Amino acid sequence: MTGKQFHLGWFVDGFRAPAWNRNWAGTSSTDWMSGRFYVDLARDLERGKFDFIMLEDSNYVPDVYGDSMDVYLKYGQRAPKHDPAVLAALISQQTARLGVVTTVATTEVSPFRLARLMQTLDHVSGGRAAWNVVTGSNDRAAQNFGFDAQPPHDERYDLADEFISAVRALWDSWEEGALIMDAETGRYVDASKVHAVEFRGAHFSTRGPLNTIPGPQRHPVLLQAGVSSRGQEFSARHSDAVIATGGSIPRMRALRESIRAHAAAAGRNPDDVKVMFLAEPVLGETEADAAERAKRGQAERESLLDFGLSSLASVTSIDFAAYDPDEPLPLDLTTNGHQGQLNDMVQSRRPLRELAVGAWAGDPDTALVGTPATVAEKMEAIMAEVGGDGFLLTSLTPTRRYVTEIVDGLVPELQRRGVSRSVYAHETLRANLRDF
């Protein structure tokens with residue numbers, strides 16, 4: 001059986017300690033600090049011909065759960081954490097085709113600084129740089145940058161729209177052919193092809209021109225995770241790939257169709273916007289082995305209720321310590337944080353305890369538990385029903401063992417079925433994303 005090819009990415013939950021206290025964690029409690037663990041991960045992913053590795057980030061130590069930082073620091077859950085832009089540069093020097101996605105919030109940096117950073121990363125990576133555009137969600141992060149609180153949810157997207165317009169203007173401040181490097185005339189740059197942009201918006205202004213040259217992609221690839229109504233509109237207008245959650249095949253299909261409709265309405269080719277669904281396969285030597293591993297993982301999560309609740313609290317900005325874990329969340333619960341995730345949680349009508357331990361995350365139609373062969377078959381079937389574009393694999397507690405099981409177990413089965421690439425067809429990330 002040979003189906004339509006789909007893309008593979010890997011989501012990393014920040015440049016931080018991975019599964020430092022789990023079985024098979026090895027040296028990850030310390031070698032993450034130098035980036036060595038994540039460089040090894042990236043090299044494995046490139047061996048599996050993944051499109052990209054995405055490096056999440058946040059600039060605060062949460063204290064929303066129980067009005068305290070204690071649980072977060074106990075588990076190393078959101079801190080300590082290093083700057084992913086540095087890690088992106090390290091990974092780019094140890095890989096040749098894997099895309100490298102850096103997360104930067106539009107509320108925490110200037111358009112000029114971001115534009116320059118991304119062009120620099122695009123150069124040092126040879127055209128494999130991408131920016132995961134986040135708009136901010138936690139007030140503690142806002143306070144670290146001199147603000148009292150985050151702007152309202154939809155207003156953050158308005159700011160981000162303008163931010164990207166300023167960044168694109170800076171990226172375009174150098175025309176094609178501006179760099180001439182003519183030794184005979186002594187001219188390095190044709191000044192007539194470099195222009196001030198004089199961008200002035202309601203929230204951002206920048207004179208320009210950018211003081212570095214365009215990278216191989218000219219405009220680095222953009223990713224975004226907005227799945228709220230306003231987030232979908234934003235993602236469809238700007239993104240090359242959208243980070244999405246599923247839960248059920250009908251919901252996955254509806255979300256992808258909605259984003260594609262928004263892209264068409266914005267004048268874009270919907271095929272240029274790849275919707276990538278988060279997934280965490282559980283693999284085993286046999287079906288029974290995989291089921292037992294999934295059961296053990298679930299039991300571990302159930303024993304760490306404070307870990308799960310605090311994780312949800314940090315992204316939704318709601319203190320779930322104040323709610324009964326054995327009751328569903330109130331239907332009228334709202335947030336200025338991640339609205340799409342909270343809406344999924346509320347509408348599930350599952351007890352908070354189940355939400356915290358991940359039991360709500362999907363249904364049997366989308367669960368990826370089994371041998372590499374059966375999981376590959378199911379991934380192919382899901383994409384066939386959803387319409388395609390791919391998966392963003394992840395593990396909240398990654399180990400080298402787990403990564404090897406994916407790259408040397410699951411990926412060869414996907415390649416055998418013809419749904420995952422066996423070679424990179426292009427040098428740049430955007431070209432590989434648009435290859436199919």
# chains A, B, ... in the order shown; residues from 1 in each chain; ligands from 1

call {"tool": "residues_around", "arguments": {"residues": "Trp32 of chain A", "least_positions_apart": "6", "cutoff": "8 Å", "atoms": "only C-alpha atoms", "output": "list in words"}}
result
Phe15, Arg16, Ala17, Pro18 and Tyr38 of chain A

call {"tool": "select_by_dssp", "arguments": {"residues": "segment 45-175 of chain A", "states": "strand (DSSP E or B)", "output": "PyMOL selection string"}}
result
chain A and resi 52-55+81-82+99-105+129-134+174

call {"tool": "select_by_dssp", "arguments": {"residues": "segment 80-306 of chain A", "states": "alpha helix (DSSP H)", "output": "VMD selection string"}}
result
chain A and resid 84 to 94 111 to 125 139 to 144 153 to 171 229 to 238 249 to 265 287 to 303 305 to 306

call {"tool": "write_last_selection", "arguments": {"atoms": "C-alpha atoms", "output": "mmCIF file, in the first residue's frame"}}
result
data_model
loop_
_atom_site.group_PDB
_atom_site.id
_atom_site.type_symbol
_atom_site.label_atom_id
_atom_site.label_comp_id
_atom_site.auth_asym_id
_atom_site.auth_seq_id
_atom_site.Cartn_x
_atom_site.Cartn_y
_atom_site.Cartn_z
ATOM 1 C CA PRO A 84 16.686 28.445 21.624
ATOM 2 C CA ALA A 85 18.319 30.782 19.090
ATOM 3 C CA VAL A 86 21.725 29.702 20.368
ATOM 4 C CA LEU A 87 20.725 26.050 20.120
ATOM 5 C CA ALA A 88 19.418 26.617 16.589
ATOM 6 C CA ALA A 89 22.840 27.893 15.555
ATOM 7 C CA LEU A 90 24.549 24.876 17.149
ATOM 8 C CA ILE A 91 22.201 22.428 15.417
ATOM 9 C CA SER A 92 22.656 24.150 12.072
ATOM 10 C CA GLN A 93 26.386 23.402 12.176
ATOM 11 C CA GLN A 94 25.866 19.688 12.838
ATOM 12 C CA PRO A 111 10.937 43.760 14.613
ATOM 13 C CA PHE A 112 14.474 44.833 13.701
ATOM 14 C CA ARG A 113 16.078 42.487 16.210
ATOM 15 C CA LEU A 114 13.940 39.570 15.032
ATOM 16 C CA ALA A 115 14.490 40.269 11.339
ATOM 17 C CA ARG A 116 18.255 40.397 11.821
ATOM 18 C CA LEU A 117 18.354 37.270 13.992
ATOM 19 C CA MET A 118 16.368 35.176 11.538
ATOM 20 C CA GLN A 119 18.395 36.265 8.507
ATOM 21 C CA THR A 120 21.574 35.422 10.389
ATOM 22 C CA LEU A 121 20.232 31.969 11.258
ATOM 23 C CA ASP A 122 19.147 31.474 7.653
ATOM 24 C CA HIS A 123 22.694 32.209 6.501
ATOM 25 C CA VAL A 124 24.492 29.978 9.009
ATOM 26 C CA SER A 125 22.040 27.126 8.326
ATOM 27 C CA ASP A 139 1.574 37.966 32.412
ATOM 28 C CA ARG A 140 4.800 36.990 34.183
ATOM 29 C CA ALA A 141 6.582 37.002 30.827
ATOM 30 C CA ALA A 142 5.128 40.438 30.061
ATOM 31 C CA GLN A 143 6.411 41.712 33.426
ATOM 32 C CA ASN A 144 9.915 40.489 32.603
ATOM 33 C CA HIS A 153 -5.899 37.801 23.206
ATOM 34 C CA ASP A 154 -7.136 39.173 19.870
ATOM 35 C CA GLU A 155 -5.169 42.401 20.287
ATOM 36 C CA ARG A 156 -1.981 40.334 20.555
ATOM 37 C CA TYR A 157 -2.730 38.973 17.095
ATOM 38 C CA ASP A 158 -3.290 42.518 15.804
ATOM 39 C CA LEU A 159 0.138 43.446 17.176
ATOM 40 C CA ALA A 160 1.659 40.335 15.605
ATOM 41 C CA ASP A 161 0.125 41.142 12.202
ATOM 42 C CA GLU A 162 1.834 44.527 12.304
ATOM 43 C CA PHE A 163 5.056 43.041 13.672
ATOM 44 C CA ILE A 164 5.310 40.635 10.740
ATOM 45 C CA SER A 165 4.598 43.457 8.270
ATOM 46 C CA ALA A 166 7.535 45.382 9.747
ATOM 47 C CA VAL A 167 9.794 42.301 9.642
ATOM 48 C CA ARG A 168 8.921 41.564 6.014
ATOM 49 C CA ALA A 169 9.585 45.194 5.077
ATOM 50 C CA LEU A 170 13.044 44.901 6.643
ATOM 51 C CA TRP A 171 13.716 41.598 4.869
ATOM 52 C CA SER A 229 -10.811 31.712 15.430
ATOM 53 C CA ARG A 230 -8.454 34.710 15.389
ATOM 54 C CA GLY A 231 -5.436 32.412 15.528
ATOM 55 C CA GLN A 232 -6.547 30.473 12.458
ATOM 56 C CA GLU A 233 -6.977 33.688 10.492
ATOM 57 C CA PHE A 234 -3.484 34.783 11.528
ATOM 58 C CA SER A 235 -1.873 31.417 10.787
ATOM 59 C CA ALA A 236 -3.521 31.151 7.382
ATOM 60 C CA ARG A 237 -2.326 34.624 6.407
ATOM 61 C CA HIS A 238 1.308 34.247 7.449
ATOM 62 C CA ILE A 249 -10.380 12.634 12.854
ATOM 63 C CA PRO A 250 -13.477 14.794 12.196
ATOM 64 C CA ARG A 251 -12.015 17.622 14.308
ATOM 65 C CA MET A 252 -8.651 17.328 12.596
ATOM 66 C CA ARG A 253 -10.263 17.409 9.165
ATOM 67 C CA ALA A 254 -12.484 20.375 10.096
ATOM 68 C CA LEU A 255 -9.534 22.354 11.451
ATOM 69 C CA ARG A 256 -7.402 21.750 8.369
ATOM 70 C CA GLU A 257 -10.281 22.681 6.047
ATOM 71 C CA SER A 258 -10.927 25.848 8.042
ATOM 72 C CA ILE A 259 -7.285 26.951 7.873
ATOM 73 C CA ARG A 260 -7.148 26.235 4.151
ATOM 74 C CA ALA A 261 -10.322 28.274 3.621
ATOM 75 C CA HIS A 262 -8.791 31.169 5.544
ATOM 76 C CA ALA A 263 -5.628 30.884 3.414
ATOM 77 C CA ALA A 264 -7.625 31.015 0.184
ATOM 78 C CA ALA A 265 -9.557 34.036 1.488
ATOM 79 C CA GLU A 287 0.904 -4.973 20.184
ATOM 80 C CA ALA A 288 0.710 -6.236 23.765
ATOM 81 C CA ASP A 289 4.111 -4.738 24.576
ATOM 82 C CA ALA A 290 3.057 -1.332 23.221
ATOM 83 C CA ALA A 291 -0.221 -1.449 25.124
ATOM 84 C CA GLU A 292 1.612 -2.254 28.343
ATOM 85 C CA ARG A 293 4.047 0.613 27.786
ATOM 86 C CA ALA A 294 1.156 2.990 27.192
ATOM 87 C CA LYS A 295 -0.493 1.730 30.385
ATOM 88 C CA ARG A 296 2.688 2.315 32.399
ATOM 89 C CA GLY A 297 3.051 5.804 30.968
ATOM 90 C CA GLN A 298 -0.533 6.609 31.881
ATOM 91 C CA ALA A 299 -0.003 5.317 35.422
ATOM 92 C CA GLU A 300 3.077 7.516 35.797
ATOM 93 C CA ARG A 301 1.155 10.590 34.662
ATOM 94 C CA GLU A 302 -1.672 9.765 37.064
ATOM 95 C CA SER A 303 0.847 9.626 39.926
ATOM 96 C CA LEU A 305 -1.190 15.046 39.104
ATOM 97 C CA ASP A 306 0.483 18.271 40.216
#

call {"tool": "residues_around", "arguments": {"residues": "Met33 of chain A", "least_positions_apart": "2", "cutoff": "8 Å", "atoms": "only C-alpha atoms", "output": "NGL selection string"}}
result
:A and (16-17 or 30-31 or 35-36 or 82)

call {"tool": "write_last_selection", "arguments": {"atoms": "N, CA and C atoms", "output": "PDB file, in the first residue's frame"}}
result
ATOM      1  N   ARG A  16      15.801  22.808  27.461  1.00  0.00           N
ATOM      2  CA  ARG A  16      15.803  22.583  28.907  1.00  0.00           C
ATOM      3  C   ARG A  16      16.124  21.123  29.184  1.00  0.00           C
ATOM      4  N   ALA A  17      16.132  20.766  30.474  1.00  0.00           N
ATOM      5  CA  ALA A  17      16.383  19.377  30.846  1.00  0.00           C
ATOM      6  C   ALA A  17      15.257  18.499  30.327  1.00  0.00           C
ATOM      7  N   THR A  30      22.448  16.651  32.461  1.00  0.00           N
ATOM      8  CA  THR A  30      23.510  17.653  32.386  1.00  0.00           C
ATOM      9  C   THR A  30      23.884  18.044  30.961  1.00  0.00           C
ATOM     10  N   ASP A  31      23.870  17.087  30.027  1.00  0.00           N
ATOM     11  CA  ASP A  31      24.386  17.451  28.704  1.00  0.00           C
ATOM     12  C   ASP A  31      23.400  18.255  27.870  1.00  0.00           C
ATOM     13  N   GLY A  35      23.812  21.818  24.989  1.00  0.00           N
ATOM     14  CA  GLY A  35      23.116  21.573  23.731  1.00  0.00           C
ATOM     15  C   GLY A  35      23.391  20.219  23.136  1.00  0.00           C
ATOM     16  N   ARG A  36      24.272  19.424  23.760  1.00  0.00           N
ATOM     17  CA  ARG A  36      24.704  18.155  23.166  1.00  0.00           C
ATOM     18  C   ARG A  36      23.532  17.185  22.963  1.00  0.00           C
ATOM     19  N   HIS A  82      17.269  27.510  28.408  1.00  0.00           N
ATOM     20  CA  HIS A  82      18.195  28.375  27.665  1.00  0.00           C
ATOM     21  C   HIS A  82      17.504  28.993  26.450  1.00  0.00           C
TER      22      HIS A  82
END

call {"tool": "closest_atom_pairs", "arguments": {"of": "segment 336-379 of chain A", "to": "segment 403-418 of chain A", "cutoff": "10 Å", "atoms": "only C-alpha atoms", "output": "Markdown table"}}
result
| residue | atom | partner | partner_atom | distance |
| --- | --- | --- | --- | --- |
| A:Thr371 | CA | A:Leu410 | CA | 8.2 |
| A:Pro372 | CA | A:Leu410 | CA | 4.5 |
| A:Ala373 | CA | A:Glu413 | CA | 5.7 |
| A:Thr374 | CA | A:Glu413 | CA | 8.9 |
| A:Val375 | CA | A:Leu410 | CA | 7.4 |
| A:Ala376 | CA | A:Leu414 | CA | 5.4 |
| A:Glu377 | CA | A:Leu414 | CA | 7.8 |
| A:Met379 | CA | A:Leu414 | CA | 8.5 |

call {"tool": "closest_residue", "arguments": {"among": "A:Val357, A:Val221, A:Met181, A:Leu429", "to": "Ala96 of chain A", "atoms": "only C-alpha atoms"}}
result
A:Leu429

call {"tool": "residues_around", "arguments": {"residues": "Leu45 of chain A", "least_positions_apart": "3", "cutoff": "9 Å", "atoms": "only C-alpha atoms", "output": "list in words"}}
result
Gly9, Trp10, Asp40, Leu41, Ala42, Gly48, Lys49, Phe50, Asp51, Phe52, Ile53, Leu98, Val403 and Val407 of chain A

call {"tool": "closest_residue", "arguments": {"among": "A:Asp13, A:Asp148, A:Asp190, A:Glu108", "to": "Gln77 of chain A", "atoms": "only C-alpha atoms"}}
result
A:Asp13

call {"tool": "closest_residue", "arguments": {"among": "A:Ser311, A:Gln347, A:His426, A:Val101", "to": "Val71 of chain A", "atoms": "only C-alpha atoms"}}
result
A:Ser311

call {"tool": "closest_residue", "arguments": {"among": "A:Gly26, A:Gly390, A:Gly127, A:Pro209", "to": "Ala244 of chain A", "atoms": "only C-alpha atoms"}}
result
A:Gly390

call {"tool": "closest_residue", "arguments": {"among": "A:Gly247, A:Ser314, A:Leu352, A:His338", "to": "Met69 of chain A", "atoms": "only C-alpha atoms"}}
result
A:Ser314

call {"tool": "closest_residue", "arguments": {"among": "A:Thr366, A:Thr334, A:Asn59, A:Ser34", "to": "Pro152 of chain A", "atoms": "only C-alpha atoms"}}
result
A:Thr334

call {"tool": "atom_distance", "arguments": {"atom1": "atom CA of Asn132 of chain A", "atom2": "atom CA of Ser228 of chain A"}}
result
16.6 Å

call {"tool": "residues_around", "arguments": {"residues": "segment 174-176 of chain A", "least_positions_apart": "5", "cutoff": "12 Å", "atoms": "only C-alpha atoms", "output": "list in words"}}
result
Gln119, Arg168, Ala169, Val189, Asp190, Ala191, Ser192, Lys193, Val194, His195, Ala196, Val197, Gly208, Pro209, Leu210, Asn211, Thr212, Ile213, Pro214, Gly215, Pro216, Gln217, Arg218 and His219 of chain A
